[in-house]
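J.: Have a look at the structure that comes next, please.
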Amino acid sequence: RRSPDIYSKVIEEAESNAKALELDAMALDATLLSIISNKTGEFMVTCYGDGVVALGRHDGVIEVYSVSYRDGYPNYLSYQLSPERKARFDEKTSNFREMTYELIDENDTLKQVYRSGAIFDTYLGTKKKYCWVAVISDGVQSFVQKNITETSVTTEPVPSHEVIREMFAFKNFNGTFVKRRVKRFLELCKERGWTHYDDLSVGVVYLGGENE
């Protein structure tokens with residue numbers, strides 16, 4: 001587990017930039033997801049706040065780690081800048097942190113949910129097991145499907161594992177592979193009547209083939 005000092009420096013620099021732009025301090029209330037990798041294919045992913053980390057294995061299975069908070073009140077780094085706001089967050093004892101772990105293959109998914117007392121998460125791995133690693137905002141869990149008939153329009157949630165399975169169905173890793181896949185994914189969403197009601201962002205690092 002890496003020292004959080006580097007992330008303290010990140011939020012302090014963000015605070016300085018926000019002040020220069022005359023932004024309210026609450027503009028810094030946001031999840032911070034980061035991926036660090038090296039030339040040998042080792043990587044580290046860190047999640048502060050609520051968000052999703054997906055790890056694509058060479059056998060085609062996707063490991064997914066989702067962080068959420070019961071009261072919808074994530075532990076943002078920005079609270080470290082205000083003792084008063086940090087104290088208010090700490091008072092919410094019912095706002096426990098929840099981790100969801102999923103294994104997703106082409107046809108099925110296995111899900112486990114458990115509580116986590118950690119302030120932030122770090123995920124480590126190498127290209128010996130993983131082909132790619134991705135960070136995603138929790139908007140990936142906000143997809144719904146519209147069902148339109150002659151008399152009504154209804155919506156129903158789309159399971160996040162279905163969204164993730166389609167979003168990361170890479171054909172290859174040449175060039176701007178993420179841009180191509182997201183474009184195709186959005187076309188598929190239109191075809192299926194999928195929409196999302198929360199911000200959606202994604203970043204992917206290709207680690208290389210198992211024998212590269």
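To be explicit about the labels: the chains of the structure tokens are called A, B, and onward in the order shown, and within each one the residues are counted from 1, while ligands get numbers from 1 in the order they are shown.
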Please provide as an NGL selection string all residues within 10 Å of range 151-155 of chain A, with the sequence filter that same-chain residues fewer than 5 positions apart are discarded (counting only C-alpha atoms).
T.: :A and (143-146 or 193-195)
J.: Save the residues we just selected, N, CA and C atoms, as a short mmCIF file (atom, residue, chain, number, x, y, z; two decimals), in the first residue's frame?
T.:
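File written: part.cif
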```cif
data_model
loop_
_atom_site.label_atom_id
_atom_site.label_comp_id
_atom_site.auth_asym_id
_atom_site.auth_seq_id
_atom_site.Cartn_x
_atom_site.Cartn_y
_atom_site.Cartn_z
N PHE A 143 -26.92 3.14 -15.77
CA PHE A 143 -27.58 2.89 -17.05
C PHE A 143 -28.99 2.31 -16.86
N VAL A 144 -29.89 2.80 -17.67
CA VAL A 144 -31.25 2.27 -17.70
C VAL A 144 -31.64 2.02 -19.15
N GLN A 145 -32.61 1.14 -19.33
CA GLN A 145 -33.11 0.83 -20.67
C GLN A 145 -34.52 1.34 -20.81
N LYS A 146 -34.77 2.09 -21.87
CA LYS A 146 -36.10 2.59 -22.14
C LYS A 146 -36.92 1.55 -22.88
N GLY A 193 -31.44 1.21 -26.61
CA GLY A 193 -32.24 2.11 -25.80
C GLY A 193 -31.66 2.34 -24.41
N TRP A 194 -30.31 2.20 -24.28
CA TRP A 194 -29.65 2.43 -23.01
C TRP A 194 -29.30 3.91 -22.85
N THR A 195 -29.56 4.46 -21.69
CA THR A 195 -29.11 5.82 -21.36
C THR A 195 -28.56 5.79 -19.93
#
```
J.: Can you check which residues of range 16-203 of chain A DSSP gives as strand (DSSP E or B) on the backbone and send them as a PyMOL selection string?
T.: chain A and resi 32-37+42-48+51-57+62-69+97-104+109-115+121-126+130-136+143-148+153-157+194-196+202-203
J.: What is the distance between CA of Arg57 in chain A and CA of Val133 in chain A, in Å to one decimal?
T.: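 Those two atoms sit 8.9 Å apart.
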J.: From the set A:Lys86, A:Lys92, A:Lys127, A:Lys190, which residue has the shortest atom-to-atom contact distance to Tyr206 in chain A, counting only C-alpha atoms?
T.: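 Smallest distance to Tyr206 in chain A is found for A:Lys127.
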J.: Near Ala54 in chain A, within 9 Å and counting only C-alpha atoms, which residues show up once chain neighbours fewer than 4 positions away are dropped, as an NGL selection string?
T.: :A and (62-66 or 132-136 or 164)
J.: Residues at most 7 Å from range 27-36 of chain A, counting only C-alpha atoms, excluding those fewer than 4 positions away in the same chain, as a tab-separated table (two decimals) with C-alpha atoms, in the first residue's frame?
T.:
```
chain	number	residue	atom	x	y	z
A	23	LEU	CA	-13.99	28.44	-7.66
A	43	PHE	CA	0.67	-1.35	-12.32
A	44	MET	CA	-0.97	0.31	-9.35
A	45	VAL	CA	-4.49	1.71	-9.32
A	46	THR	CA	-5.78	3.97	-6.55
A	47	CYS	CA	-9.37	5.03	-5.83
A	48	TYR	CA	-10.31	7.89	-3.51
A	49	GLY	CA	-14.06	8.45	-3.19
A	50	ASP	CA	-16.52	6.28	-5.10
A	51	GLY	CA	-15.62	4.73	-8.42
A	76	TYR	CA	-13.53	12.86	-0.99
A	78	SER	CA	-11.26	17.62	-0.45
A	135	VAL	CA	-10.79	3.28	-14.11
```
J.: I'd like the contact shell of Asn95 in chain A - 7 Å cut-off, only C-alpha atoms, skipping same-chain residues fewer than 3 positions apart - returned as a ChimeraX atom specification.
T.: /A:69-71,73,92
J.: Residues as selected, N, CA and C atoms, written as an mmCIF file, in the first residue's frame, can you do that?
T.:
```cif
data_model
loop_
_atom_site.group_PDB
_atom_site.id
_atom_site.type_symbol
_atom_site.label_atom_id
_atom_site.label_comp_id
_atom_site.auth_asym_id
_atom_site.auth_seq_id
_atom_site.Cartn_x
_atom_site.Cartn_y
_atom_site.Cartn_z
ATOM 1 N N TYR A 69 -20.760 4.368 -1.061
ATOM 2 C CA TYR A 69 -21.037 4.699 0.333
ATOM 3 C C TYR A 69 -22.535 4.627 0.559
ATOM 4 N N ARG A 70 -22.933 4.029 1.672
ATOM 5 C CA ARG A 70 -24.333 3.723 1.918
ATOM 6 C C ARG A 70 -25.225 4.953 1.840
ATOM 7 N N ASP A 71 -24.767 6.075 2.390
ATOM 8 C CA ASP A 71 -25.580 7.286 2.389
ATOM 9 C C ASP A 71 -25.305 8.187 1.188
ATOM 10 N N TYR A 73 -22.482 9.476 0.322
ATOM 11 C CA TYR A 73 -21.654 10.565 0.832
ATOM 12 C C TYR A 73 -20.197 10.097 0.823
ATOM 13 N N LYS A 92 -21.137 10.832 10.337
ATOM 14 C CA LYS A 92 -22.112 9.971 9.657
ATOM 15 C C LYS A 92 -21.705 8.500 9.823
#
```
J.: What gap, in Å, lies between CA of Gly208 in chain A and CA of Val61 in chain A?
T.: 16.0 Å
